[in-house]
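File shown: protein10.cif (mmCIF, C-alpha atoms and all ligand atoms).
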data_target
loop_
_atom_site.label_atom_id
_atom_site.label_comp_id
_atom_site.auth_asym_id
_atom_site.auth_seq_id
_atom_site.Cartn_x
_atom_site.Cartn_y
_atom_site.Cartn_z
CA THR A 69 -11.60 38.91 53.72
CA ARG A 70 -7.90 39.31 53.93
CA TYR A 71 -6.00 40.49 56.99
CA SER A 72 -2.42 41.38 57.88
CA ARG A 73 -0.86 39.21 60.56
CA VAL A 74 2.49 39.58 62.27
CA ILE A 75 4.63 36.67 61.07
CA GLY A 76 8.01 37.88 62.31
CA THR A 77 9.73 40.52 64.43
CA GLY A 78 13.31 41.69 64.88
CA GLY A 79 15.39 44.26 66.69
CA TYR A 80 18.91 45.60 66.82
CA LEU A 81 20.69 47.74 69.40
CA PRO A 82 24.28 48.92 68.92
CA SER A 83 26.71 47.55 71.50
CA GLU A 84 28.05 50.84 72.92
CA ILE A 85 26.24 51.86 76.11
CA LEU A 86 26.16 55.54 77.18
CA THR A 87 25.01 56.07 80.77
CA ASN A 88 23.51 59.17 82.37
CA ASP A 89 26.62 59.45 84.53
CA GLN A 90 28.82 59.53 81.44
CA ILE A 91 26.71 62.31 79.90
CA SER A 92 26.91 64.30 83.13
CA GLU A 93 30.68 64.43 82.71
CA THR A 94 30.29 66.63 79.62
CA VAL A 95 27.03 68.59 80.15
CA ASP A 96 25.44 70.10 83.27
CA THR A 97 23.01 67.30 84.19
CA SER A 98 22.77 64.32 86.55
CA ASP A 99 21.61 60.72 86.60
CA SER A 100 18.87 61.61 89.10
CA TRP A 101 17.51 64.54 87.01
CA ILE A 102 17.37 62.43 83.86
CA PHE A 103 15.94 59.31 85.53
CA GLU A 104 13.28 61.14 87.55
CA ARG A 105 12.08 63.29 84.62
CA THR A 106 12.24 60.62 81.90
CA GLY A 107 12.80 57.10 83.25
CA ILE A 108 15.99 56.80 81.18
CA LYS A 109 19.24 55.38 82.65
CA SER A 110 21.28 54.64 79.53
CA ARG A 111 21.03 54.51 75.76
CA ARG A 112 22.88 52.75 72.92
CA ILE A 113 25.12 54.63 70.50
CA ALA A 114 25.87 53.33 67.00
CA GLY A 115 29.44 52.92 65.82
CA SER A 116 30.84 55.12 63.05
CA ASP A 117 30.59 52.19 60.60
CA GLU A 118 26.86 51.72 61.30
CA SER A 119 23.93 53.39 59.53
CA ALA A 120 20.15 53.31 59.35
CA ALA A 121 20.38 50.77 56.51
CA SER A 122 22.93 48.52 58.26
CA MET A 123 20.90 48.42 61.48
CA ALA A 124 17.66 47.91 59.51
CA GLU A 125 19.21 44.90 57.78
CA ILE A 126 20.00 43.14 61.06
CA ALA A 127 16.48 43.72 62.46
CA ALA A 128 14.89 42.70 59.14
CA ARG A 129 16.89 39.46 58.88
CA GLN A 130 15.74 38.45 62.36
CA ALA A 131 12.10 39.03 61.38
CA ILE A 132 12.55 37.05 58.15
CA GLU A 133 14.14 34.19 60.08
CA MET A 134 11.34 34.12 62.65
CA ALA A 135 8.74 34.01 59.86
CA GLY A 136 10.63 31.19 58.13
CA ILE A 137 10.20 32.73 54.69
CA ASP A 138 12.58 33.57 51.84
CA ALA A 139 13.42 37.28 51.63
CA GLU A 140 12.30 37.04 47.97
CA GLU A 141 8.70 36.58 49.14
CA ILE A 142 8.61 40.15 50.49
CA ASP A 143 6.80 42.41 48.03
CA LEU A 144 6.71 45.64 50.04
CA ILE A 145 9.41 47.30 52.18
CA ILE A 146 8.66 50.42 54.20
CA VAL A 147 11.41 52.04 56.25
CA ALA A 148 10.69 54.79 58.75
CA THR A 149 13.72 56.92 59.54
CA GLY A 150 14.73 60.48 60.27
CA THR A 151 18.38 59.65 59.63
CA PRO A 152 18.52 58.08 56.16
CA ASP A 153 21.95 56.99 54.87
CA ARG A 154 21.37 59.11 51.79
CA VAL A 155 18.74 61.65 50.72
CA TYR A 156 18.25 59.15 47.91
CA PRO A 157 18.10 56.26 47.23
CA SER A 158 15.67 55.77 50.10
CA THR A 159 16.79 53.63 53.02
CA GLY A 160 14.01 51.26 51.89
CA CYS A 161 15.82 50.76 48.56
CA LEU A 162 19.17 50.35 50.34
CA LEU A 163 17.59 47.70 52.55
CA GLN A 164 16.10 45.98 49.50
CA GLN A 165 19.62 45.86 47.99
CA ARG A 166 21.10 44.46 51.21
CA LEU A 167 18.41 41.76 51.37
CA GLY A 168 18.89 40.93 47.68
CA ILE A 169 15.20 41.26 46.82
CA LYS A 170 14.48 41.89 43.14
CA ASN A 171 10.72 42.08 42.72
CA CYS A 172 9.47 44.36 45.43
CA VAL A 173 8.52 47.98 46.02
CA ALA A 174 10.52 49.86 48.66
CA PHE A 175 10.23 53.37 50.04
CA ASP A 176 10.65 55.46 53.20
CA VAL A 177 8.06 57.22 55.33
CA GLN A 178 8.91 60.32 57.32
CA ALA A 179 6.70 60.79 60.36
CA ALA A 180 9.39 61.22 63.05
CA CYS A 181 8.66 59.07 66.12
CA SER A 182 5.32 57.93 64.65
CA GLY A 183 6.99 56.53 61.53
CA ALA A 184 6.60 52.85 62.37
CA ILE A 185 2.87 53.25 63.09
CA PHE A 186 2.47 55.11 59.78
CA GLY A 187 4.40 52.28 58.09
CA LEU A 188 2.19 49.61 59.67
CA SER A 189 -0.92 51.51 58.59
CA ILE A 190 0.26 51.77 54.97
CA ALA A 191 1.38 48.12 54.86
CA ASP A 192 -1.97 47.00 56.30
CA GLN A 193 -3.86 48.84 53.53
CA TYR A 194 -1.66 47.24 50.85
CA ILE A 195 -2.22 43.76 52.25
CA LYS A 196 -5.98 44.21 52.79
CA THR A 197 -6.47 45.32 49.18
CA GLY A 198 -4.34 42.48 47.83
CA ALA A 199 -1.62 44.82 46.51
CA ALA A 200 0.97 43.09 48.72
CA ARG A 201 1.20 39.70 50.43
CA LYS A 202 4.27 40.09 52.62
CA ALA A 203 5.27 43.51 53.91
CA LEU A 204 8.35 44.42 55.91
CA VAL A 205 8.06 47.51 58.13
CA VAL A 206 11.27 48.79 59.73
CA GLY A 207 12.11 51.75 61.96
CA SER A 208 15.83 52.53 62.08
CA GLU A 209 17.33 55.59 63.73
CA LEU A 210 20.71 57.13 64.49
CA CYS A 211 19.41 59.77 66.87
CA SER A 212 22.92 60.20 68.31
CA ARG A 213 24.02 61.81 65.01
CA ILE A 214 21.31 64.51 65.04
CA VAL A 215 21.41 65.57 68.69
CA ASP A 216 23.54 68.49 69.82
CA TRP A 217 25.75 66.83 72.46
CA THR A 218 26.16 70.20 74.19
CA ASP A 219 22.36 70.69 74.60
CA ARG A 220 21.30 69.03 77.86
CA THR A 221 17.60 69.51 77.09
CA THR A 222 17.75 67.02 74.18
CA CYS A 223 20.97 64.98 74.27
CA VAL A 224 19.91 62.98 77.34
CA LEU A 225 16.70 61.75 75.71
CA PHE A 226 17.62 59.83 72.59
CA GLY A 227 19.27 56.55 71.55
CA ASP A 228 20.03 54.49 68.44
CA GLY A 229 18.51 51.23 67.20
CA ALA A 230 16.27 49.45 64.71
CA GLY A 231 13.10 47.37 64.95
CA ALA A 232 11.22 45.34 62.35
CA ILE A 233 7.83 43.72 61.86
CA LEU A 234 7.01 41.40 59.00
CA LEU A 235 3.33 41.21 58.03
CA GLY A 236 1.78 38.44 55.97
CA ALA A 237 -1.64 38.16 54.33
CA ALA A 238 -3.92 35.81 56.29
CA GLU A 239 -7.52 34.65 56.55
CA GLU A 240 -7.53 35.29 60.28
CA THR A 241 -7.52 38.70 61.94
CA GLY A 242 -4.19 40.21 62.78
CA ILE A 243 -4.26 44.00 62.56
CA LEU A 244 -7.72 45.07 63.74
CA SER A 245 -7.36 48.77 62.88
CA THR A 246 -4.81 51.53 62.43
CA HIS A 247 -5.35 55.24 63.00
CA ILE A 248 -2.85 57.88 61.89
CA HIS A 249 -2.99 61.67 62.13
CA SER A 250 -0.92 64.78 61.44
CA ASP A 251 -1.16 68.40 62.49
CA GLY A 252 1.38 70.66 60.81
CA GLU A 253 0.73 73.58 63.17
CA PHE A 254 3.45 72.62 65.65
CA GLU A 255 6.65 72.81 63.61
CA GLU A 256 8.40 75.13 66.07
CA LEU A 257 7.91 72.86 69.10
CA LEU A 258 9.91 69.98 67.65
CA TYR A 259 12.01 69.95 64.51
CA CYS A 260 15.32 68.95 63.00
CA PRO A 261 16.66 71.22 60.25
CA ASN A 262 18.17 69.94 57.01
CA PRO A 263 21.04 72.44 56.64
CA GLN A 264 21.72 71.81 52.97
CA ALA A 265 18.14 72.54 51.94
CA ALA A 266 17.19 75.14 54.54
CA PRO A 267 14.78 77.84 53.36
CA ASN A 268 15.50 81.57 53.64
CA GLY A 269 15.54 82.68 57.22
CA HIS A 270 17.17 79.49 58.50
CA PRO A 271 20.28 79.46 56.33
CA HIS A 272 22.93 78.17 58.65
CA GLU A 273 20.99 76.30 61.33
CA PRO A 274 22.87 73.12 62.24
CA GLY A 275 21.08 69.82 61.68
CA TYR A 276 20.24 69.11 65.32
CA ILE A 277 16.98 68.23 67.06
CA SER A 278 15.31 71.27 68.61
CA MET A 279 12.49 70.66 71.09
CA ARG A 280 10.39 72.65 73.53
CA GLY A 281 10.00 69.55 75.69
CA ASN A 282 7.55 70.84 78.24
CA GLU A 283 5.05 71.98 75.59
CA VAL A 284 5.50 68.78 73.57
CA PHE A 285 4.87 66.77 76.73
CA LYS A 286 1.42 68.31 77.32
CA VAL A 287 0.25 67.87 73.74
CA ALA A 288 1.57 64.29 73.69
CA VAL A 289 -0.34 63.23 76.82
CA ASN A 290 -3.63 64.72 75.56
CA THR A 291 -3.27 63.42 72.04
CA LEU A 292 -2.38 59.88 73.11
CA GLY A 293 -5.40 59.88 75.41
CA ARG A 294 -7.62 60.70 72.41
CA ILE A 295 -6.03 58.07 70.15
CA VAL A 296 -6.77 55.42 72.79
CA ASP A 297 -10.46 56.43 72.77
CA GLU A 298 -10.57 56.56 68.97
CA THR A 299 -9.04 53.08 68.65
CA LEU A 300 -11.35 51.47 71.23
CA GLU A 301 -14.45 53.10 69.71
CA ALA A 302 -13.55 52.06 66.16
CA ASN A 303 -13.37 48.43 67.33
CA ASP A 304 -16.28 48.65 69.78
CA LEU A 305 -13.96 47.36 72.51
CA ASP A 306 -13.71 47.99 76.24
CA LYS A 307 -10.40 48.88 77.87
CA GLU A 308 -10.28 45.42 79.48
CA ALA A 309 -10.02 43.77 76.05
CA ILE A 310 -6.47 45.02 75.63
CA ASP A 311 -3.80 42.64 76.94
CA TRP A 312 -0.69 44.73 76.20
CA LEU A 313 0.17 48.36 75.62
CA VAL A 314 3.31 48.87 73.51
CA PRO A 315 3.87 52.64 73.58
CA HIS A 316 6.41 54.90 71.93
CA GLN A 317 9.26 55.22 74.43
CA ALA A 318 9.80 58.97 74.88
CA ASN A 319 9.18 59.51 78.57
CA ILE A 320 7.97 57.18 81.36
CA ARG A 321 5.55 59.84 82.58
CA ILE A 322 3.84 60.02 79.17
CA ILE A 323 3.64 56.20 79.12
CA GLN A 324 2.17 56.12 82.66
CA ALA A 325 -0.47 58.68 81.65
CA THR A 326 -1.58 56.50 78.71
CA ALA A 327 -1.64 53.38 80.91
CA LYS A 328 -3.78 55.23 83.45
CA LYS A 329 -6.16 56.29 80.70
CA LEU A 330 -6.53 52.57 79.87
CA LYS A 331 -6.82 51.68 83.59
CA MET A 332 -3.97 49.30 82.88
CA PRO A 333 -1.35 48.25 85.47
CA MET A 334 2.25 48.89 84.39
CA GLU A 335 2.78 45.08 84.32
CA GLN A 336 0.79 45.08 81.05
CA VAL A 337 2.86 47.88 79.51
CA VAL A 338 6.05 47.10 77.61
CA VAL A 339 8.73 49.57 78.74
CA THR A 340 12.20 49.59 77.18
CA LEU A 341 13.28 53.20 77.54
CA GLU A 342 15.29 52.73 80.73
CA ASN A 343 18.19 51.21 78.79
CA GLN A 344 17.40 52.48 75.29
CA GLY A 345 16.15 56.05 75.57
CA ASN A 346 13.93 57.38 72.80
CA THR A 347 14.87 55.59 69.57
CA SER A 348 12.24 57.54 67.60
CA SER A 349 10.53 55.36 64.97
CA ALA A 350 12.40 52.25 66.14
CA SER A 351 11.05 52.33 69.68
CA VAL A 352 7.62 50.71 69.28
CA LEU A 353 9.01 47.97 67.04
CA LEU A 354 11.93 47.29 69.40
CA ALA A 355 9.56 47.05 72.37
CA PHE A 356 7.14 44.79 70.49
CA ASN A 357 9.99 42.53 69.38
CA GLU A 358 11.36 42.28 72.92
CA ALA A 359 7.99 41.30 74.43
CA VAL A 360 7.28 38.76 71.68
CA ARG A 361 10.69 37.14 72.02
CA ASP A 362 10.64 36.94 75.83
CA GLY A 363 7.18 35.36 75.72
CA ARG A 364 5.16 38.15 77.31
CA ILE A 365 3.05 38.76 74.19
CA GLN A 366 1.33 35.50 73.25
CA ARG A 367 -0.56 34.48 70.09
CA GLY A 368 -4.21 35.52 70.31
CA GLN A 369 -3.59 38.44 72.66
CA VAL A 370 -4.73 41.96 71.81
CA VAL A 371 -1.96 44.55 71.63
CA LEU A 372 -2.22 48.33 71.31
CA LEU A 373 0.76 50.08 69.71
CA GLU A 374 0.86 53.88 69.77
CA ALA A 375 3.24 56.75 69.04
CA PHE A 376 3.53 60.52 68.98
CA GLY A 377 6.22 62.62 67.32
CA ALA A 378 7.32 65.68 65.37
CA GLY A 379 4.88 67.08 62.85
CA PHE A 380 3.01 66.63 65.05
CA THR A 381 2.18 63.11 63.96
CA TRP A 382 0.52 60.43 66.01
CA GLY A 383 -1.17 57.10 65.58
CA SER A 384 -2.10 53.66 66.83
CA ALA A 385 -2.28 50.11 65.60
CA LEU A 386 -4.50 47.57 67.35
CA LEU A 387 -3.69 43.97 66.57
CA LYS A 388 -4.37 40.44 67.61
CA TYR A 389 -0.94 38.80 67.76
N1 LIG B 401 19.61 68.11 83.24
C1 LIG B 401 19.35 69.03 84.19
N2 LIG B 401 18.46 70.03 84.01
C2 LIG B 401 17.80 70.08 82.83
C3 LIG B 401 18.04 69.15 81.80
C4 LIG B 401 18.98 68.15 82.04
N3 LIG B 401 19.28 67.20 81.13
N4 LIG B 401 17.25 69.47 80.75
C5 LIG B 401 16.54 70.54 81.12
N5 LIG B 401 16.87 70.92 82.36
C6 LIG B 401 16.34 72.05 83.14
C7 LIG B 401 15.72 73.10 82.26
O1 LIG B 401 16.71 74.00 81.78
C8 LIG B 401 14.74 73.76 83.22
O2 LIG B 401 15.48 74.68 84.03
P1 LIG B 401 14.82 76.07 84.46
O3 LIG B 401 13.61 75.70 85.26
O4 LIG B 401 15.93 76.68 85.24
O5 LIG B 401 14.49 76.77 83.19
C9 LIG B 401 14.28 72.63 84.12
O6 LIG B 401 15.27 71.58 83.94
C10 LIG B 401 12.90 72.09 83.76
O7 LIG B 401 12.82 71.86 82.35
P2 LIG B 401 11.50 71.33 81.64
O8 LIG B 401 11.75 71.32 80.16
O9 LIG B 401 10.31 72.10 82.14
O10 LIG B 401 11.46 69.85 82.21
P3 LIG B 401 10.34 68.75 82.02
O11 LIG B 401 9.89 68.28 83.30
O12 LIG B 401 9.31 69.18 81.03
O13 LIG B 401 11.16 67.54 81.37
C11 LIG B 401 11.47 66.55 79.19
C12 LIG B 401 11.79 67.71 80.11
C13 LIG B 401 12.03 65.29 79.80
C14 LIG B 401 12.12 66.83 77.84
C15 LIG B 401 9.94 66.39 79.01
O14 LIG B 401 9.37 67.64 78.78
C16 LIG B 401 9.55 65.46 77.89
O15 LIG B 401 9.77 64.28 77.94
N6 LIG B 401 8.86 65.99 76.84
C17 LIG B 401 8.27 65.19 75.78
C18 LIG B 401 9.27 64.69 74.79
C19 LIG B 401 8.53 63.94 73.68
O16 LIG B 401 7.63 63.17 73.90
N7 LIG B 401 8.88 64.21 72.41
C20 LIG B 401 8.12 63.66 71.33
C21 LIG B 401 8.74 62.50 70.75
S1 LIG B 401 10.35 62.87 70.18
C22 LIG B 401 10.33 63.01 68.45
O17 LIG B 401 9.32 63.01 67.79
C23 LIG B 401 11.67 63.25 67.78
#
Representation of the structure as structure tokens:
Amino acid sequence: TRYSRVIGTGGYLPSEILTNDQISETVDTSDSWIFERTGIKSRRIAGSDESAASMAEIAARQAIEMAGIDAEEIDLIIVATGTPDRVYPSTGCLLQQRLGIKNCVAFDVQAACSGAIFGLSIADQYIKTGAARKALVVGSELCSRIVDWTDRTTCVLFGDGAGAILLGAAEETGILSTHIHSDGEFEELLYCPNPQAAPNGHPHEPGYISMRGNEVFKVAVNTLGRIVDETLEANDLDKEAIDWLVPHQANIRIIQATAKKLKMPMEQVVVTLENQGNTSSASVLLAFNEAVRDGRIQRGQVVLLEAFGAGFTWGSALLKY
């Protein structure tokens, strides 16, 4: 049997820091409201010369360097992003160009905040069947460009950044299972219009994130509880078998609810949102990269990655690092 193992990770955060206090100078909010409701203190904002592809390249190069491979060995690139540089070519193709890889397939997946988990799931199937040997999965997001900076209900939540995981075919177990789901019934609770291609009825809606946060919150907590059960059952594992939870970083209260469901102390949960906000599909990969690089996540440990986002979409990946 053939498995996918993590052979490299990378992450990139733009240098500009935007604090809650700074936001409260322009919209009616406060550091205490934002921190108490979300756990967020600051977020990073990309410069005008940066893009999903440029940030993806930096994260990807770090992962390639950690793995000690030539970029040419990569035969599959999957980029998850809601803010592609261009409608086409895909950001995956733009990343392929930047990395100078000739013989490789590259494409994007669109699953909002769950995009990286969807990407890992697809890459795992390709490697397990032998269709790919080295797969690069990247989440790269410029959330700051699609939030309405006058809307206090959304602009305080998001940040920019990119994360990457490089998977390689191996004889030993790496990814134990992935589980991905969609339910298209909830469009109105969380969406971002595409003004140039809007259908009748939404002709001039600006391209900003629109979210009914309170309703999204409730569905997210329930759904993530169920994906934990589904993942444990599929692997016939007890909660205690999981060493680390690496959750999507949307809200500390959602993360705490998932940790409680796993009876896991917060010391075993990787939390990055305090200084990053919600970086959508980049968040799980950024958190995983951080905990690998600072030595928290060790080889042989069992790690549960999970995410929930617009669609709704949600999913998990259970892996032995
Ligand atoms: N500052 C001050 N007051 C605010 C702010 C703000 N930034 N934002 C909202 N408020 C006000 C509201 O107007 C409301 O006022 P009202 O009671 O007078 O009407 C009050 O605060 C409470 O608002 P709620 O929306 O009920 O606040 P809640 O406790 O639900 O927190 C939050 C909001 C943080 C958005 C939370 O609901 C949440 O995190 N939701 C989930 C987000 C998520 O997981 N999204 C999915 C992933 S994102 C993706 O896929 C792109």
Can you pull out the residues contacting stretch 145-161 of chain A? Cut-off 9 Å, using all atoms listed in the file, and skip same-chain residues under 5 positions away; I want them as a compact mmCIF listing (two decimals) with C-alpha atoms, in the coordinates of the input.
# COMPACT_ATOMS: atom_id res chain seq x y z
CA SER A 119 23.93 53.39 59.53
CA ALA A 120 20.15 53.31 59.35
CA ALA A 121 20.38 50.77 56.51
CA ALA A 124 17.66 47.91 59.51
CA ARG A 166 21.10 44.46 51.21
CA CYS A 172 9.47 44.36 45.43
CA VAL A 173 8.52 47.98 46.02
CA ALA A 174 10.52 49.86 48.66
CA PHE A 175 10.23 53.37 50.04
CA ASP A 176 10.65 55.46 53.20
CA VAL A 177 8.06 57.22 55.33
CA GLN A 178 8.91 60.32 57.32
CA ALA A 179 6.70 60.79 60.36
CA ALA A 180 9.39 61.22 63.05
CA CYS A 181 8.66 59.07 66.12
CA SER A 182 5.32 57.93 64.65
CA GLY A 183 6.99 56.53 61.53
CA ALA A 184 6.60 52.85 62.37
CA PHE A 186 2.47 55.11 59.78
CA GLY A 187 4.40 52.28 58.09
CA LEU A 188 2.19 49.61 59.67
CA ILE A 190 0.26 51.77 54.97
CA ALA A 191 1.38 48.12 54.86
CA LYS A 202 4.27 40.09 52.62
CA ALA A 203 5.27 43.51 53.91
CA LEU A 204 8.35 44.42 55.91
CA VAL A 205 8.06 47.51 58.13
CA VAL A 206 11.27 48.79 59.73
CA GLY A 207 12.11 51.75 61.96
CA SER A 208 15.83 52.53 62.08
CA GLU A 209 17.33 55.59 63.73
CA LEU A 210 20.71 57.13 64.49
CA CYS A 211 19.41 59.77 66.87
CA ARG A 213 24.02 61.81 65.01
CA ILE A 214 21.31 64.51 65.04
CA CYS A 260 15.32 68.95 63.00
CA SER A 348 12.24 57.54 67.60
CA SER A 349 10.53 55.36 64.97
CA ALA A 350 12.40 52.25 66.14
Task: Within 7 Å of ligand LIG 401 (chain B) (all atoms listed in the file), residues as JSON, numbers by chain - done: {"A": [96, 97, 98, 101, 102, 105, 106, 180, 181, 220, 221, 222, 224, 258, 280, 281, 282, 283, 284, 285, 288, 318, 319, 348, 376, 377, 378]}
Long-range neighbours of A:Asn88 as a CSV table (one decimal) with C-alpha atoms, keeping the file's coordinate frame, 12 Å cut-off, all atoms listed in the file, 4 positions minimum in chain:
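Final output, selection25.csv:
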chain,number,residue,atom,x,y,z
A,92,SER,CA,26.9,64.3,83.1
A,93,GLU,CA,30.7,64.4,82.7
A,94,THR,CA,30.3,66.6,79.6
A,95,VAL,CA,27.0,68.6,80.2
A,96,ASP,CA,25.4,70.1,83.3
A,97,THR,CA,23.0,67.3,84.2
A,98,SER,CA,22.8,64.3,86.6
A,99,ASP,CA,21.6,60.7,86.6
A,100,SER,CA,18.9,61.6,89.1
A,101,TRP,CA,17.5,64.5,87.0
A,102,ILE,CA,17.4,62.4,83.9
A,103,PHE,CA,15.9,59.3,85.5
A,104,GLU,CA,13.3,61.1,87.6
A,106,THR,CA,12.2,60.6,81.9
A,107,GLY,CA,12.8,57.1,83.2
A,108,ILE,CA,16.0,56.8,81.2
A,109,LYS,CA,19.2,55.4,82.6
A,110,SER,CA,21.3,54.6,79.5
A,111,ARG,CA,21.0,54.5,75.8
A,112,ARG,CA,22.9,52.8,72.9
A,220,ARG,CA,21.3,69.0,77.9
A,223,CYS,CA,21.0,65.0,74.3
A,224,VAL,CA,19.9,63.0,77.3
A,225,LEU,CA,16.7,61.8,75.7
A,226,PHE,CA,17.6,59.8,72.6
A,227,GLY,CA,19.3,56.6,71.6
A,342,GLU,CA,15.3,52.7,80.7
A,343,ASN,CA,18.2,51.2,78.8
A,344,GLN,CA,17.4,52.5,75.3
A,345,GLY,CA,16.2,56.0,75.6
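Of note, atom CA of A:Glu374 and atom CA of A:Asn346 are spaced 13.9 Å apart.
With distances restricted to all atoms listed in the file, A:Ile243 is the closest residue to A:Val74 from A:Leu305, A:Ala128, A:Ile243, A:Ile185.
Shortest separation to A:Asp228 among A:Met123, A:Ala355, A:Ile91, A:Ile248 occurs at residue A:Met123, atoms counted being all atoms listed in the file.
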